[in-house]
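Undergrad: Let me begin by handing over the structure; questions about it come next.
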Amino acid sequence: MKQLTTDVLIVGGGGAGLRSAIAAAEAQPSLSIHLLSKVYPMRSHTVAAEGGAAAVTLQHDSIAAHFEDTVAGSDWLAEQGVVDFFVKHAYQELVQLEHWGCPWSRQASGQVQVRRFGGMKTERTWFAADKTGFHILHTLFQTSLKYPSIHRLDEYFLLDLLVHEQAIVGVLAIEIASGELLQILASSVILATGGAGRVFQFNTNGGIVTGDGMALAYRHGVALRDMEFVQYHPTGLPGSGILITEACRGEGGILLNKDGYRYLQDYGLGPETPLGQPQNKTMELGPRDKLSQAFWHEQQQGRTIQHPQGDVVHLDLRHLGQRYLLERLPFICELAKAYVNIDPVTAPIPIRPAVHYTMGGILTDAHCATSIRGLFAVGECASVGLHGANRLGSNSLSELLVFGKVAGEQAAAHCSQTKVSDAVMQELTDKAAGPIRQLRQGDGTEQWADIRQQLAQTMEQGCGIYRDEQGLTASLLAIADLKRRYQQLKVGDSGLAFNTELLHALELGFSLDVAEAMCQAALLRKESRGAHQRRDANYTKRNDKNFLQHSLAYYQEDQAPRIDWQAVDCSMMPPAARLYGDAAKQQAASTSEKPV
Amino acid sequence: MKQPETKPSDMQHLSVAIQRYRPEQDDTPVWQSYQVPYDDSTSVLDALHWIKEHQDSSLTYRWSCRMAICGSCGVMVDGTPKLGCKTFLRDYPQGLKVAALANFPIEKDLVVDMSRFLQHLTTIKPYLIGEPSLVQAGSASAGSDQPSSAALQPQLQSPEQVKRYQQFANCINCGLCYSACPQFGLNPEFLGPAAIALAHRYNLDSRDQGKAERQPALNSKDGVWSCTFVGFCSTVCPKGVDPAAAINQGKIVSTMDGVIQWFSPKQLDATPQEPTS
Amino acid sequence: MSRKPYQPSMPADWWLKHPAYRFYMLREATVLPLLFFIGSLLYGLYCLSQGEASWLVWLSWLQQPWVMALNGLALVASLFHAFTFFRLFPQVMPLRVGSRTLPAGWMIAGQWFGVLLVFLALWWLLGAYHVIN
């Protein structure tokens with residue numbers, strides 16, 4: 001087994017990981033920083049983000065407005081102090097990226113262009129055509145090459161955290177190419193391992209999005225917060241779930257059911273806006289949870305369209321014209337042509353909701369610190385408290401940057417020389433190597449692919465857009481059974497070199513734990529809020545009296561997690577009805593009439 | 001991952017031959033054939049998934065996004081570099097042969113060692129060099145409650161200035177162009193299409209002042225002059241980056257550089273001379 | 001050691017392995033008939049310097065079928081090379097007019113138009129020569 005000692009170890013080479021690596025390198029250039037990732041950084045799933053990154057930019061916009069949109073979007077489950085910090089720092093971070101070379105789309109004057117996005121009062125989403133995540137990721141990756149203190153461990157897979165007396169002392173990883181173990185000693189570790197969307201059948205996520213970091217922190221006693229909130233993106237391609245950006249609607253795209261009717265007006269998002277004149281927070285620019293739920297209702301009532309790969313509705317962009325589409329949404333045109341053989345210039349794109357984002361994650365404080373000393377978490381794997389029950393589109397790319405910087409600086413400031421005895425390290429490492437040893441020697445009959453497939457199916461069935469007690473209970477039982485079967489896994493590939501079957505098996509172990517936390521938290525949240533919608537008779541409404549609280553899932557070996565509840569920071573904006581479309585305008589008008 | 005909607009047994013099957021190389025048992029790559037169910041939407045990547053999940057779990061390949069943006073799944077399909085996720089079985093009615101990307105060392109099956117490419121990428125300093133020109137600070141500053149809005153402002157860059165380099169910024173680092181390039185195959189020290197395209201991208205960026213730092217590597221024998229304009233790199237590029245254009249535009253820059261150096265006083269100063277009267 | 005990367009080598013006939021490479025080699029090979037053409041031109045110049053008899057020998061040498069065939073091939077090769085060159089030109093030197101890049105098709109058409117002009121000029125010159133004689 002190889003060994004390595006470093007000051008700051010970052011796990012995950014996506015936007016959050018790279019941003020924190022750069023922040024740590026800038027904060028203390030003398031530190032040694034290692035960036036470990038199971039794929040080359042530019043393969044990380046940040047690459048697939050399309051629409052943009054939000055920050056208050058225009059003169060008529062305000063920090064307060066972005067704050068309100070985010071808190072209301074979260075259905076009041078966001079940590080308001082965290083949101084406040086975020087909205088105040090997002091702009092600086094986007095400018096910083098501009099200085100690092102990000103090719104932001106521009107106005108004729110040369111200033112940065114902003115576009116409309118769902119749930120946002122005004123235009124504040126910076127974009128680079130419809131490949132914003134791609135450009136952010138590559139800009140960060142390329143910029144990271146500038147810092148001699150950032151050392152990359154490309155294609156190393158995290159096996160476990162080494163935790164001693166509630167403090168992180170390092171990690172155990174495997175070099176994928178050789179299959180050799182690598183013990184890394186570090187007193188500061190940042191998890192930036194991304195979400196867990198792959199536990200669902202239909203998702204917009206890459207194959208690597210399997211909840212690795214979440215599961216590992218969770219197994220070491222860190223709570224997973226708000227795991228029941230899983231975002232369905234309303235516009236994924238049928239079959240594959242490939243993402244069709246919300247920017248399509250920001251630019252004026254409309255959603256039609258089988259009668260060619262803009263059905264969103266029936267779901268509290270209307271009135272219908274004129275074609276080509278999108279209005280913020282109205283119709284197609286409602287938030288993602290509401291739009292996905294509207295699809296579900298249309299499907300129930302038989303008003304969706306039959307497509308060879310399931311029920312769909314139509315996303316119509318034709319009125320935008322070829323030239324505009326090629327300028328603003330070139331990637332969407334490419335994807336639609338390649339994967340559903342549709343030219344958006346001449347035909348509407350078939351779409352359906354697909355799992356997109358895990359709002360919940362590893363519980364951290366506002367400084368990205370977890371309950372384990374020296375262990376930080378940032379990005380989609382973390383729950384810093386920004387998104388609550390529903391994330392607004394274009395807030396997460398900004399989150400990577402704002403909190404990536406915080407995490408990097410915090411980790412750099414924290415790292416210390418504390419040494420743990422060799423004997424303790426040996427013991428911790430032995431324990432950490434347990435699961436991989438077991439998989440390598442395992443002689444059962446179960447196949448990784450079967451269990452993964454059944455997990456995805458049961459999550460889709462029991463823990464989808466609408467949930468009820470019966471379905472969630474069934475899913476929890478199914479997961480418990482899959483976890484038992486997982487113990488009988490047989491990895492057919494016995495090689496050491498680049499054994500992806502072994503890695504998939506390990507990822508599946510992570511996914512099972514994360515999925516269980518999702519279902520258990522969803523079962524116990526007996527209300528409907530944001531992306532978590534219950535069909536059970538008494539739970540169809542938001543219930544602030546009992547559930548204006550975060551769920552905290554704590555790992556328990558051999559049984560479903562224990563769920564605790566944590567108060568929400570509502571210190572700045574008290575809970576109110578969450579309204580969009582005309583209803584929101586009326587509410588705003590009535591509020592402004594009131595004497596202050 | 002995507003599963004065919006209809007039962008595989010009802011579907012048409014296609015013969016997919018895959019070049020296998022298992023370092024712990026093979027000395028050279030060997031071919032292995034599989035019958036894969038497919039429909040109109042089945043990509044080469046879907047076929048690999050099907051084989052891994054149903055026929056041979058040891059089959060090894062890279063993948064992630066399955067939407068042609070992460071750049072993981074480059075393979076040779078019938079001898080041409082392609083992204084597995086954006087190549088469809090329907091286009092190969094006679095069957096197809098899938099192999100690891102050419103010109104790279106093979107780690108296992110369809111996985112190649114890309115470290116050389118990463119080195120080349122680092123060599124050309126692919127980041128903005130120079131201080132941001134804050135003189136141009138735009139007036140589109142944020143609302144009044146923006147903290148320290150004076151501290152950092154975006155530089156101006158017109159849509160035309162963006163357009164000059166944007167195409168070359170669209171590279172996803174998939175490596176297909178290196179597999180298409182015989183010069184890289186013959187000389188792995190050649191910086192190669194993607195790296196040079198990226199250097200060109202930064203050289204063309206109105207915000208950059210780093211051309212002088214990048215040029216030595218580009219002017220060297222393993223830089224732009226190793227290219228003989230085969231042009232296949234641009235043909236196979238899945239993102240329309242046109243690296244061949246970047247390299248050959250780079251040759252003009254490099255030539256100008258040479259000419260300027262030839263005549264520049266600095267060049268004359270370098271050779272000790274008696275001052276002439 | 002579990003890692004044992006397989007280092008593929010380029011076979012000597014790599015350029016036969018793919019249509020794109022064959023096309024490339026064909027483009028490069030156009031130099032061969034052109035070399036012959038230049039050789040025969042130089043031979044002609046040499047003959048000219050040796051007097052009229054020698055010049056006539058060269059003229060009759062030129063009229064041999066195999067020489068005519070090779071020179072015909074050189075013409076086709078040079079046109080083919082021009083075709084490939086003109087296609088690559090817009091990639092190497094994109095022309096910008098104002099804020100827009102001139103479409104590649106226009107630039108290619110422009111180059112062929114140039115070729116046409118040269119041909120017409122030669123035609124006219126040759127015609128004038130015949131009139132004088």
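Residue numbering restarts at 1 for every chain of the structure tokens, chains are lettered A, B, ... in their displayed order, and ligands are numbered from 1 as they appear.
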Segment 57-70 of chain B: which residues within 8 Å, counting only C-alpha atoms, same-chain residues fewer than 2 positions away excluded, as a short mmCIF file (atom, residue, chain, number, x, y, z; two decimals) with all heavy atoms, in the first residue's frame?

TA:
```cif
data_model
loop_
_atom_site.label_atom_id
_atom_site.label_comp_id
_atom_site.auth_asym_id
_atom_site.auth_seq_id
_atom_site.Cartn_x
_atom_site.Cartn_y
_atom_site.Cartn_z
N MET A 42 -12.34 17.15 -15.69
CA MET A 42 -13.26 17.70 -16.70
C MET A 42 -14.37 16.74 -17.08
O MET A 42 -15.24 17.09 -17.88
CB MET A 42 -12.50 18.21 -17.92
CG MET A 42 -11.69 17.18 -18.65
SD MET A 42 -10.10 16.95 -17.82
CE MET A 42 -9.21 16.04 -19.06
N ARG A 43 -14.36 15.52 -16.52
CA ARG A 43 -15.47 14.59 -16.75
C ARG A 43 -16.56 14.76 -15.68
O ARG A 43 -17.62 14.15 -15.78
CB ARG A 43 -15.01 13.14 -16.72
CG ARG A 43 -13.69 12.84 -17.43
CD ARG A 43 -13.78 13.04 -18.93
NE ARG A 43 -12.57 12.65 -19.60
CZ ARG A 43 -12.07 13.28 -20.65
NH1 ARG A 43 -12.66 14.35 -21.15
NH2 ARG A 43 -10.97 12.85 -21.23
N SER A 44 -16.23 15.49 -14.62
CA SER A 44 -17.16 15.63 -13.50
C SER A 44 -18.50 16.18 -13.98
O SER A 44 -18.56 16.87 -15.00
CB SER A 44 -16.58 16.57 -12.45
OG SER A 44 -15.27 16.17 -12.12
N HIS A 45 -19.54 15.92 -13.20
CA HIS A 45 -20.86 16.19 -13.76
C HIS A 45 -21.24 17.67 -13.80
O HIS A 45 -22.23 18.03 -14.44
CB HIS A 45 -21.93 15.38 -13.05
CG HIS A 45 -23.17 15.24 -13.87
ND1 HIS A 45 -23.16 14.63 -15.12
CD2 HIS A 45 -24.42 15.70 -13.70
CE1 HIS A 45 -24.37 14.70 -15.64
NE2 HIS A 45 -25.15 15.35 -14.81
N VAL A 47 -19.98 19.45 -15.64
CA VAL A 47 -19.85 19.66 -17.08
C VAL A 47 -21.21 19.68 -17.79
O VAL A 47 -21.34 20.29 -18.85
CB VAL A 47 -18.94 18.56 -17.68
CG1 VAL A 47 -19.70 17.25 -17.90
CG2 VAL A 47 -18.26 19.01 -18.95
N ALA A 48 -22.20 19.02 -17.20
CA ALA A 48 -23.48 18.87 -17.91
C ALA A 48 -24.48 19.97 -17.57
O ALA A 48 -25.55 20.02 -18.16
CB ALA A 48 -24.09 17.51 -17.59
N PHE A 134 -20.20 23.37 -18.40
CA PHE A 134 -19.02 22.94 -19.15
C PHE A 134 -17.94 24.03 -19.11
O PHE A 134 -16.77 23.76 -18.82
CB PHE A 134 -19.42 22.63 -20.60
CG PHE A 134 -18.28 22.58 -21.57
CD1 PHE A 134 -17.49 21.46 -21.67
CD2 PHE A 134 -17.98 23.68 -22.36
CE1 PHE A 134 -16.42 21.43 -22.56
CE2 PHE A 134 -16.92 23.66 -23.25
CZ PHE A 134 -16.13 22.53 -23.34
N ASN A 205 -28.48 12.69 -14.68
CA ASN A 205 -27.12 12.66 -14.14
C ASN A 205 -26.19 11.70 -14.87
O ASN A 205 -26.63 10.71 -15.46
CB ASN A 205 -27.16 12.28 -12.66
CG ASN A 205 -27.73 13.38 -11.77
OD1 ASN A 205 -27.76 13.25 -10.57
ND2 ASN A 205 -28.19 14.48 -12.37
N GLY A 206 -24.90 11.97 -14.77
CA GLY A 206 -23.89 11.09 -15.31
C GLY A 206 -23.77 9.84 -14.46
O GLY A 206 -24.23 9.80 -13.31
N GLY A 207 -23.13 8.82 -15.02
CA GLY A 207 -23.01 7.55 -14.32
C GLY A 207 -22.23 7.64 -13.02
O GLY A 207 -22.33 6.75 -12.17
N ILE A 208 -21.46 8.69 -12.86
CA ILE A 208 -20.61 8.80 -11.67
C ILE A 208 -21.34 9.39 -10.47
O ILE A 208 -20.81 9.41 -9.38
CB ILE A 208 -19.38 9.69 -11.97
CG1 ILE A 208 -19.83 11.05 -12.53
CG2 ILE A 208 -18.45 9.00 -12.95
CD1 ILE A 208 -18.69 12.03 -12.76
N ILE A 242 -31.73 12.68 -20.64
CA ILE A 242 -30.76 13.74 -20.94
C ILE A 242 -31.40 15.12 -20.74
O ILE A 242 -32.53 15.36 -21.13
CB ILE A 242 -30.22 13.57 -22.37
CG1 ILE A 242 -29.25 12.38 -22.41
CG2 ILE A 242 -29.53 14.84 -22.87
CD1 ILE A 242 -28.81 11.97 -23.79
N LEU A 335 -28.33 18.14 -29.02
CA LEU A 335 -28.82 17.00 -28.24
C LEU A 335 -30.13 16.46 -28.80
O LEU A 335 -30.33 15.25 -28.93
CB LEU A 335 -29.02 17.40 -26.78
CG LEU A 335 -27.76 17.68 -25.96
CD1 LEU A 335 -28.12 18.25 -24.59
CD2 LEU A 335 -26.93 16.41 -25.79
N GLY A 492 -17.45 -10.43 -10.84
CA GLY A 492 -16.94 -11.39 -11.82
C GLY A 492 -15.52 -11.10 -12.26
O GLY A 492 -14.73 -12.00 -12.51
N ASP A 493 -15.19 -9.82 -12.32
CA ASP A 493 -13.85 -9.44 -12.75
C ASP A 493 -12.90 -9.54 -11.56
O ASP A 493 -13.02 -8.78 -10.60
CB ASP A 493 -13.90 -7.99 -13.29
CG ASP A 493 -12.57 -7.57 -13.92
OD1 ASP A 493 -11.58 -8.31 -13.76
OD2 ASP A 493 -12.54 -6.51 -14.56
N PHE A 498 -7.81 -1.47 -13.31
CA PHE A 498 -9.01 -0.81 -13.84
C PHE A 498 -10.25 -1.68 -13.75
O PHE A 498 -10.95 -1.91 -14.73
CB PHE A 498 -8.78 -0.37 -15.30
CG PHE A 498 -9.17 1.07 -15.50
CD1 PHE A 498 -8.21 2.06 -15.63
CD2 PHE A 498 -10.51 1.44 -15.52
CE1 PHE A 498 -8.57 3.40 -15.78
CE2 PHE A 498 -10.87 2.77 -15.66
CZ PHE A 498 -9.90 3.75 -15.80
N ASN A 499 -10.52 -2.10 -12.54
CA ASN A 499 -11.66 -2.99 -12.34
C ASN A 499 -12.93 -2.16 -12.10
O ASN A 499 -13.29 -1.86 -10.97
CB ASN A 499 -11.39 -3.91 -11.16
CG ASN A 499 -12.43 -5.00 -11.03
OD1 ASN A 499 -13.56 -4.85 -11.50
ND2 ASN A 499 -12.06 -6.10 -10.42
N THR A 500 -13.61 -1.80 -13.18
CA THR A 500 -14.78 -0.93 -13.03
C THR A 500 -15.96 -1.69 -12.43
O THR A 500 -16.83 -1.07 -11.82
CB THR A 500 -15.21 -0.33 -14.39
OG1 THR A 500 -15.37 -1.38 -15.34
CG2 THR A 500 -14.20 0.66 -14.89
N GLU A 501 -15.97 -2.99 -12.58
CA GLU A 501 -17.07 -3.74 -11.94
C GLU A 501 -16.98 -3.61 -10.43
O GLU A 501 -17.99 -3.41 -9.74
CB GLU A 501 -17.03 -5.21 -12.37
CG GLU A 501 -18.26 -5.95 -11.88
CD GLU A 501 -18.22 -7.45 -12.11
OE1 GLU A 501 -17.20 -7.96 -12.61
OE2 GLU A 501 -19.20 -8.12 -11.76
N ARG B 20 -10.46 -6.51 -26.85
CA ARG B 20 -10.22 -6.68 -25.42
C ARG B 20 -8.74 -6.68 -25.14
O ARG B 20 -7.94 -7.21 -25.92
CB ARG B 20 -10.81 -8.02 -24.93
CG ARG B 20 -12.28 -8.24 -25.21
CD ARG B 20 -13.17 -7.32 -24.41
NE ARG B 20 -12.91 -7.34 -22.97
CZ ARG B 20 -13.56 -8.12 -22.10
NH1 ARG B 20 -14.47 -8.98 -22.52
NH2 ARG B 20 -13.28 -8.10 -20.80
N LEU B 45 -22.41 3.23 -26.61
CA LEU B 45 -22.27 3.17 -25.16
C LEU B 45 -23.35 2.28 -24.53
O LEU B 45 -23.06 1.47 -23.65
CB LEU B 45 -22.33 4.58 -24.56
CG LEU B 45 -22.20 4.66 -23.04
CD1 LEU B 45 -20.85 4.14 -22.57
CD2 LEU B 45 -22.38 6.11 -22.56
N LEU B 48 -22.32 -1.22 -24.97
CA LEU B 48 -21.28 -1.63 -24.02
C LEU B 48 -21.90 -1.92 -22.66
O LEU B 48 -21.57 -2.91 -21.99
CB LEU B 48 -20.21 -0.54 -23.89
CG LEU B 48 -19.40 -0.23 -25.16
CD1 LEU B 48 -18.45 0.94 -24.91
CD2 LEU B 48 -18.62 -1.45 -25.62
N ILE B 51 -23.60 -5.28 -22.74
CA ILE B 51 -22.64 -6.39 -22.66
C ILE B 51 -22.13 -6.53 -21.22
O ILE B 51 -22.07 -7.63 -20.67
CB ILE B 51 -21.46 -6.17 -23.63
CG1 ILE B 51 -21.98 -6.20 -25.07
CG2 ILE B 51 -20.39 -7.22 -23.43
CD1 ILE B 51 -20.99 -5.67 -26.09
N LYS B 52 -21.78 -5.41 -20.61
CA LYS B 52 -21.23 -5.47 -19.25
C LYS B 52 -22.26 -6.03 -18.26
O LYS B 52 -21.91 -6.77 -17.36
CB LYS B 52 -20.78 -4.08 -18.79
CG LYS B 52 -19.99 -4.11 -17.47
CD LYS B 52 -19.30 -2.79 -17.20
CE LYS B 52 -18.48 -2.81 -15.92
NZ LYS B 52 -17.28 -3.66 -15.97
N GLU B 53 -23.52 -5.67 -18.47
CA GLU B 53 -24.53 -6.08 -17.50
C GLU B 53 -25.08 -7.49 -17.77
O GLU B 53 -25.61 -8.12 -16.87
CB GLU B 53 -25.69 -5.07 -17.48
CG GLU B 53 -25.24 -3.76 -16.86
CD GLU B 53 -26.31 -2.69 -16.92
OE1 GLU B 53 -27.49 -3.03 -17.13
OE2 GLU B 53 -25.95 -1.51 -16.78
N HIS B 54 -24.98 -7.93 -19.02
CA HIS B 54 -25.61 -9.21 -19.34
C HIS B 54 -24.66 -10.30 -19.81
O HIS B 54 -24.99 -11.46 -19.73
CB HIS B 54 -26.69 -9.01 -20.40
CG HIS B 54 -27.82 -8.15 -19.92
ND1 HIS B 54 -27.90 -6.82 -20.19
CD2 HIS B 54 -28.90 -8.45 -19.16
CE1 HIS B 54 -29.00 -6.32 -19.63
NE2 HIS B 54 -29.62 -7.27 -19.00
N GLN B 55 -23.52 -9.91 -20.36
CA GLN B 55 -22.68 -10.93 -20.96
C GLN B 55 -21.31 -11.06 -20.31
O GLN B 55 -20.83 -12.15 -20.08
CB GLN B 55 -22.49 -10.63 -22.45
CG GLN B 55 -23.79 -10.59 -23.21
CD GLN B 55 -23.83 -11.60 -24.31
OE1 GLN B 55 -22.87 -11.72 -25.07
NE2 GLN B 55 -24.91 -12.33 -24.40
N SER B 72 -15.68 11.37 -21.91
CA SER B 72 -15.08 10.14 -21.37
C SER B 72 -15.00 8.99 -22.37
O SER B 72 -14.09 8.19 -22.32
CB SER B 72 -15.91 9.63 -20.18
OG SER B 72 -16.02 10.58 -19.18
N CYS B 73 -16.03 8.87 -23.25
CA CYS B 73 -16.27 7.58 -23.88
C CYS B 73 -15.75 7.46 -25.31
O CYS B 73 -16.34 6.76 -26.13
CB CYS B 73 -17.76 7.23 -23.81
SG CYS B 73 -18.81 8.35 -24.74
N LEU B 83 -17.30 9.32 -30.23
CA LEU B 83 -17.83 9.24 -28.88
C LEU B 83 -18.85 8.10 -28.85
O LEU B 83 -19.79 8.09 -29.65
CB LEU B 83 -18.53 10.54 -28.48
CG LEU B 83 -17.65 11.76 -28.20
CD1 LEU B 83 -18.52 12.93 -27.76
CD2 LEU B 83 -16.60 11.46 -27.14
N CYS B 85 -21.23 7.52 -26.90
CA CYS B 85 -22.60 7.91 -26.56
C CYS B 85 -23.29 8.63 -27.71
O CYS B 85 -24.50 8.84 -27.67
CB CYS B 85 -22.60 8.80 -25.32
SG CYS B 85 -21.83 10.41 -25.56
N LYS B 86 -22.52 9.04 -28.71
CA LYS B 86 -23.13 9.80 -29.79
C LYS B 86 -23.03 9.06 -31.13
O LYS B 86 -23.18 9.63 -32.20
CB LYS B 86 -22.43 11.17 -29.90
CG LYS B 86 -23.35 12.30 -30.29
CD LYS B 86 -22.57 13.57 -30.52
CE LYS B 86 -23.42 14.61 -31.21
NZ LYS B 86 -22.63 15.77 -31.61
N LYS B 108 -6.65 -1.03 -20.32
CA LYS B 108 -7.47 -2.24 -20.25
C LYS B 108 -8.63 -2.07 -21.23
O LYS B 108 -9.28 -1.01 -21.23
CB LYS B 108 -7.99 -2.44 -18.83
CG LYS B 108 -8.79 -3.72 -18.62
CD LYS B 108 -9.16 -3.86 -17.16
CE LYS B 108 -10.06 -5.05 -16.89
NZ LYS B 108 -10.47 -5.10 -15.49
N ASP B 109 -8.91 -3.07 -22.00
CA ASP B 109 -10.02 -3.04 -22.96
C ASP B 109 -10.09 -1.70 -23.71
O ASP B 109 -9.23 -1.39 -24.51
CB ASP B 109 -11.35 -3.34 -22.27
CG ASP B 109 -11.41 -4.79 -21.78
OD1 ASP B 109 -10.55 -5.58 -22.19
OD2 ASP B 109 -12.31 -5.11 -20.99
N LEU B 110 -11.12 -0.90 -23.42
CA LEU B 110 -11.32 0.34 -24.16
C LEU B 110 -10.79 1.56 -23.41
O LEU B 110 -11.02 2.70 -23.81
CB LEU B 110 -12.81 0.53 -24.47
CG LEU B 110 -13.44 -0.64 -25.23
CD1 LEU B 110 -14.93 -0.43 -25.43
CD2 LEU B 110 -12.75 -0.85 -26.58
N VAL B 111 -10.07 1.31 -22.33
CA VAL B 111 -9.54 2.41 -21.52
C VAL B 111 -8.08 2.67 -21.90
O VAL B 111 -7.27 1.76 -21.89
CB VAL B 111 -9.62 2.07 -20.02
CG1 VAL B 111 -8.87 3.10 -19.19
CG2 VAL B 111 -11.07 1.98 -19.57
N ILE B 172 -13.92 19.40 -25.54
CA ILE B 172 -14.29 18.63 -24.34
C ILE B 172 -13.17 17.68 -23.90
O ILE B 172 -13.37 16.85 -23.03
CB ILE B 172 -15.60 17.85 -24.57
CG1 ILE B 172 -15.47 16.84 -25.72
CG2 ILE B 172 -16.77 18.80 -24.82
CD1 ILE B 172 -16.67 15.90 -25.85
N CYS B 174 -11.82 15.09 -25.24
CA CYS B 174 -12.15 13.66 -25.37
C CYS B 174 -11.00 12.87 -25.97
O CYS B 174 -10.95 11.66 -25.84
CB CYS B 174 -13.40 13.49 -26.22
SG CYS B 174 -13.24 14.10 -27.92
N PRO B 238 -16.11 15.87 -32.27
CA PRO B 238 -17.57 15.81 -32.08
C PRO B 238 -18.17 17.16 -31.72
O PRO B 238 -19.38 17.27 -31.58
CB PRO B 238 -17.71 14.83 -30.91
CG PRO B 238 -16.45 14.96 -30.13
CD PRO B 238 -15.37 15.32 -31.12
#
```

Undergrad: Looking only at the backbone, which of the residues in chain C does DSSP tag as helix (DSSP H, G or I), as an MDAnalysis selection string?

TA: chainID C and resid 14:16 19:29 31:49 52:62 65:92 104:132

Undergrad: Can I get the residues of chain C within 12 Å of chain B, each with the closest pair of atoms and their distance in Å to one decimal, using only C-alpha atoms, sorted chain first then ascending number, as a Markdown table?

TA:
```
| residue | atom | partner | partner_atom | distance |
| --- | --- | --- | --- | --- |
| C:Met1 | CA | B:Glu24 | CA | 8.8 |
| C:Ser2 | CA | B:Glu24 | CA | 6.2 |
| C:Arg3 | CA | B:Pro23 | CA | 6.5 |
| C:Lys4 | CA | B:Pro23 | CA | 5.3 |
| C:Pro5 | CA | B:Glu107 | CA | 4.7 |
| C:Tyr6 | CA | B:Ile106 | CA | 4.9 |
| C:Gln7 | CA | B:Pro105 | CA | 4.5 |
| C:Pro8 | CA | B:Pro105 | CA | 6.3 |
| C:Ser9 | CA | B:Asn103 | CA | 7.6 |
| C:Met10 | CA | B:Gly185 | CA | 6.4 |
| C:Pro11 | CA | B:Leu186 | CA | 9.7 |
| C:Ala12 | CA | B:Leu186 | CA | 10.3 |
| C:Asp13 | CA | B:Pro182 | CA | 11.4 |
| C:Trp14 | CA | B:Pro182 | CA | 8.1 |
| C:Trp15 | CA | B:Pro182 | CA | 8.4 |
| C:Leu16 | CA | B:Pro182 | CA | 11.7 |
| C:Lys17 | CA | B:Gly79 | CA | 8.1 |
| C:His18 | CA | B:Gly79 | CA | 7.1 |
| C:Pro19 | CA | B:Thr80 | CA | 9.9 |
| C:Ala20 | CA | B:Phe232 | CA | 6.4 |
| C:Tyr21 | CA | B:Val230 | CA | 7.3 |
| C:Arg22 | CA | B:Val230 | CA | 10.1 |
| C:Phe23 | CA | B:Val230 | CA | 8.9 |
| C:Tyr24 | CA | B:Val230 | CA | 5.8 |
| C:Met25 | CA | B:Val230 | CA | 8.6 |
| C:Leu26 | CA | B:Val230 | CA | 11.0 |
| C:Arg27 | CA | B:Val230 | CA | 9.4 |
| C:Glu28 | CA | B:Val230 | CA | 9.6 |
| C:Thr84 | CA | B:Gly231 | CA | 10.7 |
| C:Phe85 | CA | B:Phe229 | CA | 10.4 |
| C:Arg87 | CA | B:Gly231 | CA | 10.9 |
| C:Leu88 | CA | B:Ala245 | CA | 8.2 |
| C:Phe89 | CA | B:Ala245 | CA | 9.1 |
| C:Pro90 | CA | B:Ala245 | CA | 8.5 |
| C:Gln91 | CA | B:Ala245 | CA | 4.7 |
| C:Val92 | CA | B:Gln249 | CA | 5.0 |
| C:Met93 | CA | B:Gln249 | CA | 6.7 |
| C:Pro94 | CA | B:Gln249 | CA | 8.8 |
| C:Leu95 | CA | B:Arg164 | CA | 11.5 |
| C:Arg96 | CA | B:Arg164 | CA | 9.8 |
| C:Val97 | CA | B:Glu160 | CA | 11.3 |
| C:Gly98 | CA | B:Glu160 | CA | 9.2 |
| C:Ser99 | CA | B:Glu160 | CA | 5.8 |
| C:Arg100 | CA | B:Glu160 | CA | 7.9 |
| C:Thr101 | CA | B:Arg164 | CA | 9.2 |
```

Undergrad: Can you check which residues of chain A have any atom within 6 Å of chain B? Use only C-alpha atoms and format it as a PyMOL selection string.

TA: chain A and resi 43+56-59+61-62+95+100-101+106+108+110-111+142-143+206-208+240+449+493

Undergrad: So that I can check the surroundings of Thr245 of chain A, please list as a list in words every protein, DNA and RNA residue that reaches within 9 Å of it, counting only C-alpha atoms and ignoring chain neighbours fewer than 5 positions away.

TA: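 That gives Ala49, Glu50, Gly51, Asp130, His233, Thr235, Gly236, Leu329 and Ile332 of chain A.
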
Undergrad: At a cut-off of 8 Å, which residues of chain A touch chain C? Count only C-alpha atoms and give the answer as a CSV table (one decimal) with N, CA and C atoms, in the first residue's frame.

TA:
```csv
chain,number,residue,atom,x,y,z
A,177,ALA,N,-6.2,2.6,-12.0
A,177,ALA,CA,-5.4,2.0,-13.0
A,177,ALA,C,-4.7,0.7,-12.5
A,178,SER,N,-4.2,0.7,-11.3
A,178,SER,CA,-3.5,-0.4,-10.8
A,178,SER,C,-4.3,-1.3,-9.8
A,179,GLY,N,-5.3,-0.7,-9.2
A,179,GLY,CA,-6.0,-1.4,-8.1
A,179,GLY,C,-5.3,-1.4,-6.8
A,495,GLY,N,-9.6,-9.1,-11.7
A,495,GLY,CA,-8.4,-8.4,-11.9
A,495,GLY,C,-8.3,-7.2,-11.0
A,496,LEU,N,-7.0,-6.7,-10.9
A,496,LEU,CA,-6.8,-5.5,-10.1
A,496,LEU,C,-6.8,-4.3,-10.9
A,497,ALA,N,-6.3,-4.4,-12.2
A,497,ALA,CA,-6.2,-3.2,-13.0
A,497,ALA,C,-7.6,-2.7,-13.5
```
